[in-house]
Structure formats: structure tokens, C-alpha cells
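Report on the following structure.
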Amino acid sequence: STVVESNVDDDQLDVLFLSESDDADEESDSEQNKRRKQLRWSKVKTKSREKAGGNVEKNHESKQDKKRRMMMFLKEAERKRKLESRIERKIPLNMRLPLSALKVGSTWTGTVISLTNFGVYVDIGTECDGLLHISQISSTFFVEHPRQVFSPGQEVQVTIRSFSTEAKKLHLTMLPLDTKSESEVEEEERIPLDDIEIDDELWGELVRVTDYGAYVNIGADINGFLHFMDHPMFGIEPGAHPSTYMEVGQRARVWASDVNHERSRVKLTANRPPSLPGPRRELF
């Protein structure tokens with residue numbers, strides 16, 4: 001403000017004059033500074049809110065949701081791995097050679113269909129796939145997993161080691177042929193439960209039919225259970241008892257749908273899992 005002083009000697013009177021325009025300017029400057037401060041503060045608060053909001057949103061996920069998300073991620077990764085380890089068959093099952101046409105010791109060219117912990121399933125054009133057990137792959141080096149040697153779709157030369165037309169089982173080898181019987185071979189190549197994974201393709205024989213399904217000998221330490229609702233014929237004849245389309249001795253191609261190591265149980269399905277290529281429902 002502009003100050004004008006006037007001194008009067010006689011009365012010793014001091015007079016102070018203030019400029020109103022200067023006061024208005026000061027007030028205007030003060031308002032502008034105040035607005036600037038408010039604007040700056042609002043920007044800081046906005047950024048802080050955005051940052052804080054992002055952290056809240058990021059940390060808002062509960063442990064249960066995070067665990068579920070991780071499980072879904074692992075499940076999807078497992079599904080992709082399963083897809084990469086399978087290949088579609090070129091010849092339909094009803095157009096294949098019967099096992100009775102085979103001869104032990106004969107050599108065939110086959111296609112690797114699937115890889116498992118316990119061996120390789122090879123399609124040689126017969127009515128069922130042959131199991132090339134992991135112990136029959138090489139005698140010169142230890143094979144920890146078949147993926148070290150094979151990949152899906154690869155052509156391989158195999159020898160018929162043994163087969164059973166009744167049980168519809170075929171065992172193959174890449175080693176010099178031995179003289180073991182079918183029962184000895186089957187016992188030697190029995191699949192440990194720990195080696196079976198979900199969606200693994202297996203061949204089995206129905207050994208007992210119940211009101212709820214059938215027990216299937218899949219060549220493992222225990223029999224798997226095939227629920228009647230997981231059979232391709234379920235629903236075709238409404239209300240039909242499982243025994244109308246499940247018979248003891250029937251040969252079936254199945255997939256592991258659940259493996260319970262604690263209770264030593266394997267649940268099976270005869271419908272191809274959705275995660276694998278090929279038709280969903282196939283007859284035996």
C-alpha cells in the first residue's frame with residue numbers, strides 16, 4: 001500500500017493515507033496465490049489418490065482369489081502341455097487290424113500317439129495302441145521320461161513283444177526280444193499309481209459292472225472306476241441300467257479324470273477330455 005504521512009508541527013498530528021487501489025491489488029494477488037496453491041494441492045491430491053487407488057486395487061485381491069487365479073494359471077499351462085503331448089489318430093478304430101493278425105517278434109512302423117510318465121502309446125494300425133514301456137526304450141542309457149527320446153507324431157520302429165486277443169493288450173519293445181510270457185510282461189510293466197496323471201490315455205478291460213458303473217483293469221497297481229455317466233452310450237437309452245452297455249471283458253479306451261493318491265483311487269472317463277483334440281464321444 002502507498003502510505004502518505006503528513007506532519008503538522010503545531011498539533012504534532014500524524015496523518016496516514018492508504019491507497020484503496022493498492023489494497024485491492026494486494027487482495028487480488030492474495031486471491032491468485034491462494035488459487036494457485038489450491039490448484040497445486042488438488043493436483044498433488046489427485047495423483048496421490050490415483051496412486052493410492054491403484055495400490056488399493058492391486059492389494060484388494062484376497063489370498064483365496066490369488067490362490068484360485070494361480071490354480072487356474074497352472075491348470076491352463078497343464079492343459080496346453082497335454083495338448084502338445086497328444087496327436088490325432090489317422091485311422092478310425094473300426095478300420096484297424098485285429099490283434100490276431102500280429103506275430104510276436106514282427107517289426108512294425110508306428111506313430112507316437114501320447115507320452116506318459118510310464119511309457120509311450122504307439123499306433124501301429126491295430127485295434128488298440130501298443131504300450132512301449134519306458135523300460136523297453138533303450139538298453140544303452142537311462143530314460144527318465146519318454147520325452148527325452150520321442151515327440152508326438154514321431155515315427156518309430158517297434159517289435160511286438162507280446163499281445164492278448166482276449167484282453168486286447170499289446171506290448172511293444174525296442175530292445176532285443178526276450179522270452180517272457182504275457183503274464184510276466186504285464187506284471188513287469190504294471191503302471192505305478194504315481195505315474196498316472198489327469199487326462200492320461202489308457203486302455204483297459206472291464207472286470208466288474210455295478211449299478212453305478214464299472215471297474216476297469218488299466219494295467220496299474222489298482223483298478224480304475226468308470227462311472228456310467230462317463231460312458232459314451234449313457235443317455236442314448238434313457239433310464240437304461242449300466243449293464244446294458246457295459247459288459248465284463250469289454251475292452252475300453254479311457255482317460256484318467258481324477259487321481260487320488262491318498263485313497264489310491266483312479267476315476268476314469270470314456271469321453272475324450274475337452275482339452276484334447278478329437279471327437280468328444282467315441283464308441284468302444
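Chain labels run A, B, ... following the order of the C-alpha cells; each chain numbers its residues from 1, and ligands are numbered from 1 in the order shown.
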
(request) Using backbone DSSP assignments, extract all strand (DSSP E or B) residues from segment 176-283 of chain A; output them as a ChimeraX atom specification. (result) /A:191,201-209,213-217,220,224-227,251-260,265-269

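The smallest atom-to-atom distance between Leu177 of chain A and any of A:Met71, A:Val112, A:Val259, A:Ile160, using only C-alpha atoms, is found for A:Ile160.
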
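Between Phe225 of chain A and the candidates A:Arg36, A:Arg208, A:Lys103, A:His145, the tightest atom-to-atom separation, counting only C-alpha atoms, involves A:Arg208.
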
(message) List the spatial neighbours of Ile137 of chain A as number ranges by chain - criterion: any atom at most 6 Å away, only C-alpha atoms, same-chain residues fewer than 2 positions off excluded.
(response) A: 134-135, 174

So that I have them on file, write out the residues from the current selection with N, CA and C atoms, as a PDB file, in the first residue's frame.
```
ATOM      1  N   ILE A 134       8.601 -97.660 -20.634  1.00  0.00           N
ATOM      2  CA  ILE A 134       9.820 -96.866 -20.539  1.00  0.00           C
ATOM      3  C   ILE A 134      11.057 -97.754 -20.386  1.00  0.00           C
ATOM      4  N   SER A 135      10.862 -98.944 -19.812  1.00  0.00           N
ATOM      5  CA  SER A 135      11.989 -99.870 -19.635  1.00  0.00           C
ATOM      6  C   SER A 135      12.377-100.561 -20.937  1.00  0.00           C
ATOM      7  N   MET A 174      11.691-101.925 -28.064  1.00  0.00           N
ATOM      8  CA  MET A 174      12.752-101.508 -28.981  1.00  0.00           C
ATOM      9  C   MET A 174      14.058-102.209 -28.619  1.00  0.00           C
TER      10      MET A 174
END
```

(message) Based on the backbone DSSP call, show me all residues of segment 72-251 of chain A assigned helix (DSSP H, G or I), as a ChimeraX atom specification.
(response) /A:72-84,93-95,99-101,134-136,146-148,182-188,193-195,228-230,242-244

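Taking atom CA of Lys66 of chain A as the reference point, atom CA of Ile198 of chain A is found at 23.4 Å.
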
(request) Rank nothing, just name the residue among A:Gln148, A:Thr269, A:Asn217, A:Thr210 nearest to Ser243 of chain A, using only C-alpha atoms. (result) A:Thr210

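Here atom CA of Glu197 of chain A and atom CA of Lys75 of chain A stand 12.7 Å from one another.
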
(request) Please provide the set of residues having any atom within 8 Å of Arg251 of chain A, restricted to only C-alpha atoms, with same-chain residues fewer than 5 positions apart removed, written as a PyMOL selection string. (result) chain A and resi 167-168+203-206+284

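We find atom CA of Arg190 of chain A and atom CA of Leu268 of chain A to be spaced 17.4 Å apart.
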